[in-house]
Each structure stands twice: as C-alpha cells, then as structure tokens.
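Engineer: Let me give you the structure first, and then I'll get to my questions.
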Amino acid sequence: MSNQSIPFLDLVTPHRELENELVEAFREAVRGAAFIGGPQVEAFEREFAAFCGSKYCVGVANGTDAVRFALMASGVGRGDSVVTVSHTFIATVEAISQCGAETEFVDIDPSTYCMSPAALGEYLGSCAQDPKSGRPIGKRTGKPVKAIVPVHLYGQVADMDAILAIAAKYDLLVVEDACQAHGAEYRSADGTWRRAGTFGKAAAFSFYPGKNLGACGEGGAVTTDDEDVARTIRMLREHGQAAKYYHDLEGYNGRLDAVQAALLRIKLRHLDTWNAQRREAALHYNELLAAVPTIVTPFEPDHSKAVYHLYVISCSDRDAVAAHLKTEGIATGLHYPLPVHLQKCYREWGYTEGSFPVTERAAAAILSLPMFPGLADDQQRRVASAIESLMSVSARS
Ligand SMILES: Cc1ncc(COP(=O)(O)O)c(C=O)c1O
C-alpha cells in the first residue's frame, strides 16, 4: 500500500484526462469571442434539462443565484416566510433572504440528514393560520409561509413524496436545493424513479468546481417544468430585460458564462459514469467500515439512489478520528461544523443551542471522508484501516 497522502477531493485527475477537449472548447470560445449567451449556453441548457428529466433549464451565474431566482420566479418575496433546514450550506438561507423573504427552520431526519417530513408536518401544524391566505404563519418571522426548500444534502434526494404531500396540504410551493445532487434519484410511491430537479416548482443546481458536475469556475442552473418560471429566470439573470434594453423587471447580472457552458457540456457526458463510480466507492466504504464499532455509515433508504457528493460518517469522537486521519495523511471535511441557525450573522434571529437538536447532534458527529470518482480501492482500504486502528486502540483503553 502506498503511503502517499489521500486528498479529500481530486479535481486534478479528471481535468488532466479531459484537458485536450477542455482546452479546445476554450480555444473555440476565444477565437469566436463568444463569451456571453449564445449556442453553447443554449445547448448546455437543453442537455442538462434532458439529463435531469425536466422541461426547461436556465443557466445562471452560481448556485446561490439559482436558489434565489427559483424562489423569485415562483413568486416568493417580501412578506413571505420560507421553511428550510439549518443543516445546509449557508447559501440556501442567504438566497431566501436575498429574494426578500424570511427563513423558518425545521429539523432534519437523523438518518438521512435531509429535511424531516415529520418535523415539517409538526411545525406547520402548530403554526397559527393567516386569515387572508389560509397559510401557516411563520413562528419566528410572523409572515405567512409561502414555500418549502428541501435540500438534497450530500447527494441524496430528500423524502419528496412526504414533503410534497405536506406542501399540498398547506398550499405551499416547493423549490428544491439540488446544488449537491446532480443525477440523484428518488422513487415515488407510484414506483417511478425521477432525478433531483424534477419534484418542485423549480430546482437549483450549483456547478462550483467541487460539485459532482463542476465548472472551471462558477456556474449554476435552475430546472423547471413551468414555462413562466423559466422565462422569468431568463429575465432575472439578465437585468430583468424582456428584449434588449427593455427591462420589465429589476433584475441581476446572473448569467452562466458561455465558456463555462462549453466546458460543462464536455463534463456532462461523463457525469453518469462519475456518479456510478461515487456510488461504487460509497458501497465499498460501507463494507469496509461495517465492522468498525461506533461508526455510522450513510443511510440510503430503498427509495433513494444517492450520488454521494459527500460520503459522511458519524461518530461520537469525530474530532479524534479527523485528527488521526490527518496524521496518516488522509484529508477529511466537515459539512457543516456549525448549523446555520447558530451562525453569528443570524444571531438576531434568537435561536440558541437546543433549538434544533437533531441538526446540532449531527453537526457535532459528522465527518466527510475522501470521495471522488477514481478513488482507488487501496486508498479506501487505508482510510478504513486508519479509522479501525484508532477505534480498536480506544476500545482497549
Ligand atoms: C446546498 C447548497 N446550496 C447552495 C449552494 C450554493 O452554490 P454556489 O456556491 O454555486 O453559489 C451550495 C454550494 O456550495 C450548496 O452546497
């Protein structure tokens, strides 16, 4: 076994493998001076919509814009509350604030780390009702709830049947934060498998370089089956213009670069293979770690085919495991160490420790192990045996 260090994520190898194609696409863009909009963006949008199984895709500047534009185009804004989870990257919540709405949190499911339908149902059922809209009034914000944003965290689709049923009961919109879940699948009760990005009114994707489908820079997209939502997002990303220099809305500069679209098209052709490699590596980790006491490996319900953007274990002595792996030259990550409701920037919202106990317990116990397509068998064995050796030492002492 090699003693070389094991990175958390290897972005270099796939780029080296695709270097000729990527450089050629860049050269073409430079030669044609085609940088904003145009055929590469349109082709990527068609291809990514087809990949997800949605009618429309609109490329935008990044995943945060994608969440914000998806909410705005679905009619969410000032005076509305949006329910999401605190166990997410802060961008989910930033986007809610940036569209003018306010955030209400609910807790997660302890086994999947995604929004708990039970917590969602309980929360909405215990809110007062807005006499005008009939919708639940957010307990923190005092504003009627308009939308739910489930986050398909770590590459696993949240329990969408249950969440959509609750949304229908309270007449709420659903906007998926699918920024970590390109290609993740979920089986509905009718037996059909569908991909992340096809369940809500709209869904947001990020193409940040480390994502399962990553740009060579920033990028994002919204998928939707709703023509009006797609049209509005096309306007929002381009200063609200309906036709050149005629601005029906006040918008943003939120476009996907043509160069990034061209590069993403090349990578998209490999995404199914890369996702399959991630799933294979996850299964292999599960086997290697099955016998290690006190380590909880990721849970995938029968209705889910996760794409393992991250492979996250949980253990009570997480910091010791991370430190030990570091001494063995193995990099790990924390996604995320401090829940959003306890971040300093939201201190005025008045949440304290104990506000969302499942989220807080998860944040203290999770550890993301190296995960990327091409992660080698011997690298995985080294990770597992390093964890195992530490655990057997602590069990003896
Ligand atoms: C769950 C989630 N939501 C939103 C985002 C925001 O995406 P971006 O970094 O492209 O703005 C990310 C990515 O970092 C994310 O992981």
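Identifiers in this document derive from the order of the structure tokens: chains are assigned A, B, ..., residues are numbered from 1 separately in each chain, and ligands are numbered from 1 in order of occurrence.
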For ligand 1, list the contacting residues at 10 Å or closer, counting only C-alpha atoms and all ligand atoms, as a PyMOL selection string.

Structural biologist: chain A and resi 60-68+87-95+150-155+176-181+204-211+214-215+217-221+309+335

Engineer: Could you list, as a list of chain:residue names, every residue within 10 Å of Leu236 (chain A), counting only C-alpha atoms and ignoring same-chain residues fewer than 2 positions away?

Structural biologist: A:Val60, A:Asp65, A:Arg68, A:Phe69, A:Ala70, A:Met72, A:Ala73, A:Ala230, A:Arg231, A:Thr232, A:Ile233, A:Arg234, A:Glu238, A:His239, A:Gly240, A:Gln241, A:Ala242, A:His247, A:Asp248, A:Leu249, A:Glu250, A:Gly251, A:Tyr252, A:Asn253, A:Gly254, A:Arg255

Engineer: Record the distance separating CA of Arg278 (chain A) and CA of Val312 (chain A), expressed in Å with one decimal.

Structural biologist: 12.6 Å

Engineer: Return the single residue from A:Thr112, A:Val82, A:Asp378, A:Ala243 that is closest to Ala167 (chain A), with distances computed using only C-alpha atoms.

Structural biologist: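 Going through A:Thr112, A:Val82, A:Asp378, A:Ala243 one by one, the smallest distance to Ala167 (chain A) is for A:Val82.
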
Engineer: Excluding Phe356 (chain A) and residues on its chain fewer than 5 positions from it, collect all residues at most 12 Å away from it, counting only C-alpha atoms, and give them as a list in words.

Structural biologist: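 Once the nearby chain positions are removed, what remains is Val85, Ser86, His87, Glu104, Phe105, Val106, Asp107, Ile108, Asp109, Pro110, Met115, Ser116, Ala119, Tyr123, Leu338, Pro339, Val340, His341, Leu342, Tyr351, Arg361, Ala362 and Ala363 of chain A.
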
Engineer: Using DSSP assignments from the backbone, pull out every residue in region 78-149 of chain A that falls under strand (DSSP E or B) and give it to me as a list in words.

Structural biologist: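 Of region 78-149 of chain A, only Ser81, Val82, Val83, Thr84, Val85, Glu102, Thr103, Glu104, Phe105, Val106, Ile108, Met115, Gln129, Pro136, Ile137, Pro144, Val145, Lys146, Ala147 and Ile148 of chain A fall in strand (DSSP E or B).
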
Engineer: Emit the selected residues as an mmCIF file, in the first residue's frame, including N, CA and C atoms.

Structural biologist:
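Generated output (again-v7.cif):
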```cif
data_model
loop_
_atom_site.group_PDB
_atom_site.id
_atom_site.type_symbol
_atom_site.label_atom_id
_atom_site.label_comp_id
_atom_site.auth_asym_id
_atom_site.auth_seq_id
_atom_site.Cartn_x
_atom_site.Cartn_y
_atom_site.Cartn_z
ATOM 1 N N SER A 81 -42.596 33.888 4.337
ATOM 2 C CA SER A 81 -41.629 33.021 5.027
ATOM 3 C C SER A 81 -41.354 31.811 4.142
ATOM 4 N N VAL A 82 -40.155 31.280 4.292
ATOM 5 C CA VAL A 82 -39.779 30.064 3.572
ATOM 6 C C VAL A 82 -39.217 29.090 4.600
ATOM 7 N N VAL A 83 -39.688 27.849 4.564
ATOM 8 C CA VAL A 83 -39.217 26.841 5.520
ATOM 9 C C VAL A 83 -38.101 26.020 4.882
ATOM 10 N N THR A 84 -36.976 25.944 5.584
ATOM 11 C CA THR A 84 -35.885 25.090 5.124
ATOM 12 C C THR A 84 -35.190 24.460 6.329
ATOM 13 N N VAL A 85 -34.018 23.889 6.093
ATOM 14 C CA VAL A 85 -33.273 23.241 7.175
ATOM 15 C C VAL A 85 -32.054 24.080 7.538
ATOM 16 N N GLU A 102 -38.188 35.574 4.438
ATOM 17 C CA GLU A 102 -37.520 35.286 5.716
ATOM 18 C C GLU A 102 -37.568 33.785 5.995
ATOM 19 N N THR A 103 -36.558 33.333 6.726
ATOM 20 C CA THR A 103 -36.374 31.880 6.906
ATOM 21 C C THR A 103 -36.989 31.366 8.204
ATOM 22 N N GLU A 104 -37.667 30.230 8.086
ATOM 23 C CA GLU A 104 -38.069 29.416 9.239
ATOM 24 C C GLU A 104 -37.364 28.071 9.076
ATOM 25 N N PHE A 105 -36.811 27.560 10.170
ATOM 26 C CA PHE A 105 -36.114 26.277 10.075
ATOM 27 C C PHE A 105 -36.961 25.136 10.649
ATOM 28 N N VAL A 106 -36.752 23.948 10.102
ATOM 29 C CA VAL A 106 -37.228 22.732 10.767
ATOM 30 C C VAL A 106 -36.053 21.761 10.854
ATOM 31 N N ILE A 108 -33.869 18.069 10.894
ATOM 32 C CA ILE A 108 -33.600 17.054 9.869
ATOM 33 C C ILE A 108 -33.923 15.661 10.386
ATOM 34 N N MET A 115 -34.236 17.171 5.275
ATOM 35 C CA MET A 115 -35.408 17.673 5.982
ATOM 36 C C MET A 115 -36.283 16.523 6.478
ATOM 37 N N GLN A 129 -52.879 30.269 11.728
ATOM 38 C CA GLN A 129 -53.242 30.369 10.315
ATOM 39 C C GLN A 129 -53.450 31.825 9.915
ATOM 40 N N PRO A 136 -50.009 28.769 6.969
ATOM 41 C CA PRO A 136 -49.435 28.864 8.318
ATOM 42 C C PRO A 136 -48.588 30.135 8.456
ATOM 43 N N ILE A 137 -48.635 30.743 9.621
ATOM 44 C CA ILE A 137 -47.808 31.939 9.860
ATOM 45 C C ILE A 137 -46.513 31.503 10.535
ATOM 46 N N PRO A 144 -46.622 34.844 6.670
ATOM 47 C CA PRO A 144 -47.175 33.582 6.150
ATOM 48 C C PRO A 144 -46.132 32.793 5.349
ATOM 49 N N VAL A 145 -46.170 31.498 5.537
ATOM 50 C CA VAL A 145 -45.229 30.625 4.815
ATOM 51 C C VAL A 145 -45.717 30.478 3.371
ATOM 52 N N LYS A 146 -44.792 30.659 2.432
ATOM 53 C CA LYS A 146 -45.170 30.529 1.014
ATOM 54 C C LYS A 146 -44.505 29.319 0.367
ATOM 55 N N ALA A 147 -43.337 28.961 0.865
ATOM 56 C CA ALA A 147 -42.579 27.906 0.170
ATOM 57 C C ALA A 147 -41.764 27.063 1.143
ATOM 58 N N ILE A 148 -41.445 25.864 0.662
ATOM 59 C CA ILE A 148 -40.556 24.945 1.396
ATOM 60 C C ILE A 148 -39.335 24.712 0.505
#
```

Engineer: Tell me which protein, DNA and RNA residues are within 9 Å of Glu42 (chain A), counting only C-alpha atoms, leaving out same-chain ones fewer than 4 positions away, and put them as an mmCIF file with all heavy atoms, in the first residue's frame.

Structural biologist:
```cif
data_model
loop_
_atom_site.group_PDB
_atom_site.id
_atom_site.type_symbol
_atom_site.label_atom_id
_atom_site.label_comp_id
_atom_site.auth_asym_id
_atom_site.auth_seq_id
_atom_site.Cartn_x
_atom_site.Cartn_y
_atom_site.Cartn_z
ATOM 1 N N GLY A 37 -23.941 34.276 -23.335
ATOM 2 C CA GLY A 37 -25.092 33.705 -24.055
ATOM 3 C C GLY A 37 -24.637 32.911 -25.268
ATOM 4 O O GLY A 37 -23.476 32.486 -25.358
ATOM 5 N N GLY A 38 -25.572 32.674 -26.177
ATOM 6 C CA GLY A 38 -25.213 32.019 -27.432
ATOM 7 C C GLY A 38 -25.397 30.516 -27.415
ATOM 8 O O GLY A 38 -25.938 29.948 -26.462
ATOM 9 N N ARG A 46 -30.241 22.703 -22.840
ATOM 10 C CA ARG A 46 -31.038 21.584 -23.389
ATOM 11 C C ARG A 46 -30.524 20.268 -22.830
ATOM 12 O O ARG A 46 -31.289 19.407 -22.401
ATOM 13 C CB ARG A 46 -30.917 21.544 -24.911
ATOM 14 C CG ARG A 46 -31.897 22.455 -25.656
ATOM 15 C CD ARG A 46 -31.956 22.087 -27.137
ATOM 16 N NE ARG A 46 -30.650 22.025 -27.787
ATOM 17 C CZ ARG A 46 -30.003 23.079 -28.285
ATOM 18 N NH1 ARG A 46 -30.518 24.280 -28.200
ATOM 19 N NH2 ARG A 46 -28.808 22.920 -28.863
ATOM 20 N N GLU A 47 -29.209 20.119 -22.805
ATOM 21 C CA GLU A 47 -28.628 18.830 -22.399
ATOM 22 C C GLU A 47 -28.803 18.583 -20.898
ATOM 23 O O GLU A 47 -29.057 17.453 -20.479
ATOM 24 C CB GLU A 47 -27.144 18.795 -22.790
ATOM 25 C CG GLU A 47 -26.975 18.652 -24.297
ATOM 26 C CD GLU A 47 -25.610 19.089 -24.833
ATOM 27 O OE1 GLU A 47 -24.690 19.318 -24.024
ATOM 28 O OE2 GLU A 47 -25.481 19.212 -26.065
ATOM 29 N N VAL A 58 -32.359 26.781 -17.079
ATOM 30 C CA VAL A 58 -31.829 28.129 -17.341
ATOM 31 C C VAL A 58 -30.496 28.238 -16.613
ATOM 32 O O VAL A 58 -30.428 28.108 -15.378
ATOM 33 C CB VAL A 58 -32.797 29.223 -16.830
ATOM 34 C CG1 VAL A 58 -32.275 30.604 -17.224
ATOM 35 C CG2 VAL A 58 -34.203 29.016 -17.392
ATOM 36 N N GLY A 59 -29.434 28.469 -17.357
ATOM 37 C CA GLY A 59 -28.100 28.594 -16.759
ATOM 38 C C GLY A 59 -27.957 29.944 -16.071
ATOM 39 O O GLY A 59 -28.388 30.972 -16.609
ATOM 40 N N ALA A 261 -20.319 27.088 -19.943
ATOM 41 C CA ALA A 261 -21.322 26.199 -20.545
ATOM 42 C C ALA A 261 -20.640 25.197 -21.479
ATOM 43 O O ALA A 261 -20.954 23.999 -21.461
ATOM 44 C CB ALA A 261 -22.371 27.017 -21.301
#
```

Engineer: Work out how far CA of Asp10 (chain A) is from CA of Phe372 (chain A), in Å to one decimal.

Structural biologist: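 It comes out at 6.4 Å.
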
Engineer: List every residue of region 113-301 of chain A that DSSP, applied to the backbone of this structure, places in alpha helix (DSSP H), and write the result as a ChimeraX atom specification.

Structural biologist: /A:117-125,160-169,227-236,258-268,271-289

Engineer: To one decimal in Å, tell me the separation between CA of Gly79 (chain A) and CA of Asp228 (chain A).

Structural biologist: 21.9 Å

Engineer: Ranking A:Pro7, A:Pro39, A:Gly53, A:Gly32 by minimum distance to Phe199 (chain A) and counting only C-alpha atoms, which one comes first?

Structural biologist: A:Gly53

Engineer: Which of these residues is nearest to Val229 (chain A), using only C-alpha atoms: A:Pro293, A:Gly197, A:Pro14, A:Gly75?

Structural biologist: A:Gly75

Engineer: Name the closest residue to Ala25 (chain A) among the candidates A:Ala202, A:Leu325, A:Cys315, A:Ile266; distances are taken between atoms, counting only C-alpha atoms.

Structural biologist: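 Using only C-alpha atoms, the shortest distance to Ala25 (chain A) belongs to A:Ile266.
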